[in-house]
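What follows is one structure encoded as structure tokens, with my remarks underneath.
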Amino acid sequence: MTTSIGAVETKSVSFAPPHGLALESGRSLGSVTVAYETYGRLNAEKSNAVLVCHALSGDAHAAGVHSGDPKPGWWDSMIGPGKAFDTDKYFVICSNVLGGCKGTTGPSSVNPATGEPYGLSFPVVTVGDMVEVQRRLIDHLGIDKLLSVSGGSMGGMQVLQWAASYPDRVRSVIPMATSTKHSPQQIAFDEVGRQAIMADPSWRAGNYYKHGQPERGLALARMIGHITYMSDQSMEEKFSRKLKAGEYTFSFATEFEVEGYLKHRGDSFVQRFDANSYLYLTKALDYFDLSGEKLVPLGGPIHTRFLVIAFKSDWLYPPYQSKEIANFLRTRHADVTYCEIQSTYGHDAFLLEFEQETNLIRHFLLKASTDAE
Amino acid sequence: MPNESVRPDHRIISDLIDPGALVMDLGCGDGDLLALLVREKKVKAQGIELKEVSIYSCVEKGLSVFHGDIETGLGGYADGSFDFVILNQSMQEVKDVDFLIREALRVAKKVIVGFPNMAHLRARSYLFFLGRGPVSASLPYRWYDTPNVHYLSVDDFRDFCADKGIRIVEERFLSGNRRVHLWPNLLAENAVVVIAKS
């Protein structure tokens with residue numbers, strides 16, 4: 001279970017004119033680079049490929065380790081030999097999303113037309129656009145049909161988008177801790193994060209690349225985010241009212257442990273994430289809406305198999321949103337399993353409850369692959 | 001292919017199901033019955049179950065199930081969505097039986113109900129001679145730890161069906177592993193009844 005897949009490297013592929021990307025907004029991108037990693041081996045029939053989609057702050061580095069960095073990929077507990085996404089059986093792919101800042105084209109990339117970073121001249125992208133880029137990567141890898149697409153949160157939205165856009169190219173999908181559309185509460189949290197970035201004078205209307213990014217604003221956005229990723233109970237268990245110095249200082253210094261944690265999370269985030277990407281990606285989340293028949297059209301059988309997973313204490317993407325997906329699908333006689341995992345970790349649970357997830361995903365994938373044969 | 005380890009009530013239910021049917025098992029537990037029906041009758045199966053650990057067992061068996069409450073589980077389905085809805089050993093655990101049976105009859109052509117018979121001889125004598133609530137193979141709980149919120153006999157269920165204008169299509173009775181043909185209200189520990197709208 002704990003064996004890691006060892007050293008991995010991020011690869012990349014570029015799609016240049018005339019193969020530019022027409023976006024949902026009506027605008028287009030002339031050339032797009034996609035950063036991706038793969039684990040395991042694609043079989044001769046090319047029938048064992050699983051695409052894993054990352055969340056807001058994730059990247060293509062889902063598993064294994066990069067040389068010189070002991071920290072494994074963001075879903076290393078799930079991907080590897082004998083794990084849920086068993087790399088002895090499956091060929092696992094993970095790519096950085098369009099609009100991101102970890103190797104795939106985004107607002108911090110250099111616009112070939114100007115030689116300068118795009119900044120706000122980067123077109124607003126959608127989850128549909130992200131999936132379009134992933135589809136090109138899958139084509140590039142010579143894969144016609146994915147065995148499965150899986151991911152949590154924003155990754156879960158990409159999963160749903162795959163099921164909606166390319167039902168003939170996915171045998172199964174595993175959306176986790178996600179929703180078919182952002183609720184006003186979810187949009188509100190995103191907007192507060194964006195306002196924190198844009199209110200920072202260092203943001204300079206997005207043209208900060210020569211000066212250094214709006215660290216205060218981005219860190220604040222990340223702090224707000226982290227509050228929504230935890231639960232009341234997980235915060236109580238992790239921090240309670242513990243003080244860093246052991247007693248009140250009667251000042252506004254960082255003295256509660258929870259304050260220290262959020263500060264640390266904020267400060268480390270600005271070292272690895274682009275503020276404009278944060279704006280673009282959260283906007284893509286807010287535009288996302290595959291509610292009702294947009295997920296699967298009326299009439300006709302649904303061939304894609306679904307495993308929908310939610311977490312009881314997740315109040316950012318509450319279980320009722322996942323339940324709605326499952327209810328919509330099962331009343332259409334789609335092949336769908338819904339499980340609400342008892343967890344106190346809040347939204348973060350999809351990255352932490354890997355034993356329960358493994359229980360479900362391992363057998364679900366096995367069934368999907370045996371039925372495919 | 002009869003399997004020795006199949007529970008007798010599951011054997012009966014499987015015999016009652018048409019091959020290739022669309023089946024919903026309400027309160028499907030660990031999925032043993034649904035797995036049997038998929039294996040023997042090639043049914044298209046759906047299940048609803050409240051217990052999280054049971055969901056894992058079902059997925060392990062390759063079943064597709066919904067983690068949730070059976071009392072609200074049929075709400076979104078169109079009329080006649082299933083050939084069979086099964087309520088095996090789960091009807092007595094729901095609060096509003098009348099509503100659930102009506103819902104089941106709305107979404108399925110036939111409903112199969114399996115329940116323990118409260119008027120079985122052993123249960124009667126437990127109450128009569130010991131003066132205590134019956135504990136038996138089909139009623140294995142004590143009054144304080146039972147999930148059952150309703151206790152009924154074979155005749156109670158027949159009365160219910162008559163009152164509600166529900167047609168009893170078929171009845172099968174069990175005592176342990178054996179089929180019961182005579183005086184089921186007295187001799188059957190478990191009943192499996194197929195009902196339909198009249």
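Every chain in the structure tokens takes a letter, A first, then B, and so on in the order presented; its residues are numbered from 1, and the ligands are numbered from 1 following the presented order.
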Exercise for the section: Write out as a list in words each polymer residue whose atoms come within 10 Å of Pro175 (chain A), counting only C-alpha atoms; drop sequence neighbours fewer than 4 positions from it. Expected result: Cys53, Val149, Ser150, Gly151, Gly152, Ser153, Met154, Gly155, Gly156, Met157, Gln158, Val159, Leu160, Gln161, Ala163, Ser179, Thr180, Phe306, Leu307, Val308, Ile309, Ala310, Ser322 and Ile325 of chain A
Practice task
Would you give me, as a ChimeraX atom specification, the residues of chain B that come within 10 Å of chain A, using only C-alpha atoms?
Solution key: /B:22,44-53,55-68,73-78,81-82
Same residues, C-alpha atoms, saved as a PDB file, in the first residue's frame:
```
ATOM      1  CA  LEU B  22     -35.040  -4.004 -13.758  1.00  0.00           C
ATOM      2  CA  LYS B  44     -30.237  -4.698 -14.034  1.00  0.00           C
ATOM      3  CA  ALA B  45     -29.820  -3.924 -10.364  1.00  0.00           C
ATOM      4  CA  GLN B  46     -30.009  -0.816  -8.238  1.00  0.00           C
ATOM      5  CA  GLY B  47     -29.880  -0.741  -4.469  1.00  0.00           C
ATOM      6  CA  ILE B  48     -30.317   1.777  -1.679  1.00  0.00           C
ATOM      7  CA  GLU B  49     -28.641   1.303   1.673  1.00  0.00           C
ATOM      8  CA  LEU B  50     -28.124   3.566   4.669  1.00  0.00           C
ATOM      9  CA  LYS B  51     -25.076   1.905   6.231  1.00  0.00           C
ATOM     10  CA  GLU B  52     -21.722   3.133   4.920  1.00  0.00           C
ATOM     11  CA  VAL B  53     -19.879  -0.163   5.544  1.00  0.00           C
ATOM     12  CA  ILE B  55     -21.857   0.367   0.552  1.00  0.00           C
ATOM     13  CA  TYR B  56     -18.236  -0.824   0.519  1.00  0.00           C
ATOM     14  CA  SER B  57     -19.393  -4.462   0.518  1.00  0.00           C
ATOM     15  CA  CYS B  58     -21.760  -3.780  -2.379  1.00  0.00           C
ATOM     16  CA  VAL B  59     -19.102  -2.017  -4.456  1.00  0.00           C
ATOM     17  CA  GLU B  60     -16.744  -4.905  -3.743  1.00  0.00           C
ATOM     18  CA  LYS B  61     -19.370  -7.206  -5.261  1.00  0.00           C
ATOM     19  CA  GLY B  62     -19.488  -5.006  -8.361  1.00  0.00           C
ATOM     20  CA  LEU B  63     -22.913  -3.570  -7.532  1.00  0.00           C
ATOM     21  CA  SER B  64     -24.096  -0.006  -8.063  1.00  0.00           C
ATOM     22  CA  VAL B  65     -25.810   1.314  -4.978  1.00  0.00           C
ATOM     23  CA  PHE B  66     -27.007   4.577  -3.494  1.00  0.00           C
ATOM     24  CA  HIS B  67     -25.996   5.561   0.014  1.00  0.00           C
ATOM     25  CA  GLY B  68     -29.126   7.008   1.537  1.00  0.00           C
ATOM     26  CA  GLY B  73     -35.212   6.928  -2.093  1.00  0.00           C
ATOM     27  CA  LEU B  74     -37.903   6.454  -4.744  1.00  0.00           C
ATOM     28  CA  GLY B  75     -38.968  10.088  -5.032  1.00  0.00           C
ATOM     29  CA  GLY B  76     -37.362  10.977  -8.351  1.00  0.00           C
ATOM     30  CA  TYR B  77     -38.381   7.877 -10.288  1.00  0.00           C
ATOM     31  CA  ALA B  78     -41.033   7.930 -12.978  1.00  0.00           C
ATOM     32  CA  SER B  81     -39.493   2.570 -13.649  1.00  0.00           C
ATOM     33  CA  PHE B  82     -38.802  -0.958 -12.393  1.00  0.00           C
TER      34      PHE B  82
END
```
Problem - region 107-121 of chain B surroundings by only C-alpha atoms, 7 Å radius, close-in-sequence under 3 positions cut, as a PyMOL selection string - result: chain B and resi 77-89+103-104+124-125+138-139+151-154+185-196
Practice task
Using only C-alpha atoms, determine which residues lie at most 8 Å from Val135 (chain B), disregarding the query and same-chain residues fewer than 5 positions distant; provide the list as a PyMOL selection string.
Solution key: chain B and resi 123+126+140-142
Exercise for the section: Considering only C-alpha atoms, return as a PyMOL selection string whatever protein or nucleic-acid residues lie within 10 Å of Pro201 (chain A), sequence-local ones (same chain, fewer than 3 positions apart) excluded. Expected result: chain A and resi 197-198+204-205+208+213-214+216-217
Residues of the last selection are to be written out with C-alpha atoms, as a short mmCIF file (atom, residue, chain, number, x, y, z; two decimals), in the first residue's frame.
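Contents of part_5.cif, freshly written:
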```
data_model
loop_
_atom_site.label_atom_id
_atom_site.label_comp_id
_atom_site.auth_asym_id
_atom_site.auth_seq_id
_atom_site.Cartn_x
_atom_site.Cartn_y
_atom_site.Cartn_z
CA ILE A 197 -5.90 39.75 -4.52
CA MET A 198 -7.22 42.68 -6.54
CA ARG A 204 -1.21 46.34 -10.53
CA ALA A 205 -4.25 45.22 -12.57
CA TYR A 208 2.93 42.53 -11.70
CA GLN A 213 3.26 39.29 -7.20
CA PRO A 214 0.60 40.56 -4.76
CA ARG A 216 -0.51 39.79 0.78
CA GLY A 217 -3.65 39.48 -1.29
#
```
Problem - For Thr254 (chain A): contacts at 10 Å, only C-alpha atoms, fewer than 3 positions along chain excluded, given as a ChimeraX atom specification - result: /A:243-245,249,251,257-263
Generate a file of the selected residues that holds C-alpha atoms, formatted as a PDB file, in the first residue's frame.
```pdb
ATOM      1  CA  LEU A 243      -1.615  29.504  21.895  1.00  0.00           C
ATOM      2  CA  LYS A 244       1.803  29.562  20.273  1.00  0.00           C
ATOM      3  CA  ALA A 245       3.380  31.300  23.279  1.00  0.00           C
ATOM      4  CA  THR A 249       0.172  38.641  24.618  1.00  0.00           C
ATOM      5  CA  SER A 251      -1.475  42.309  21.072  1.00  0.00           C
ATOM      6  CA  GLU A 257      -2.223  28.247  16.637  1.00  0.00           C
ATOM      7  CA  VAL A 258      -4.983  28.451  14.061  1.00  0.00           C
ATOM      8  CA  GLU A 259      -3.710  31.933  13.122  1.00  0.00           C
ATOM      9  CA  GLY A 260      -0.186  30.589  12.766  1.00  0.00           C
ATOM     10  CA  TYR A 261      -1.404  27.731  10.608  1.00  0.00           C
ATOM     11  CA  LEU A 262      -3.337  29.997   8.252  1.00  0.00           C
ATOM     12  CA  LYS A 263      -0.413  32.426   8.025  1.00  0.00           C
TER      13      LYS A 263
END
```
Handout entry: Who sits within 9 Å of Tyr118 (chain A), only C-alpha atoms, same chain under 3 positions skipped, as a PyMOL selection string
Key = chain A and resi 106-111+114-115+121-123+206-207
Exercise for the section: Determine which residues of region 82-279 of chain A DSSP labels as helix (DSSP H, G or I) from the backbone of this structure, then write them out as a PyMOL selection string. Expected result: chain A and resi 119-121+127-140+154-165+167-169+184-198+201-206+215-229+232-238+257-272+275-279
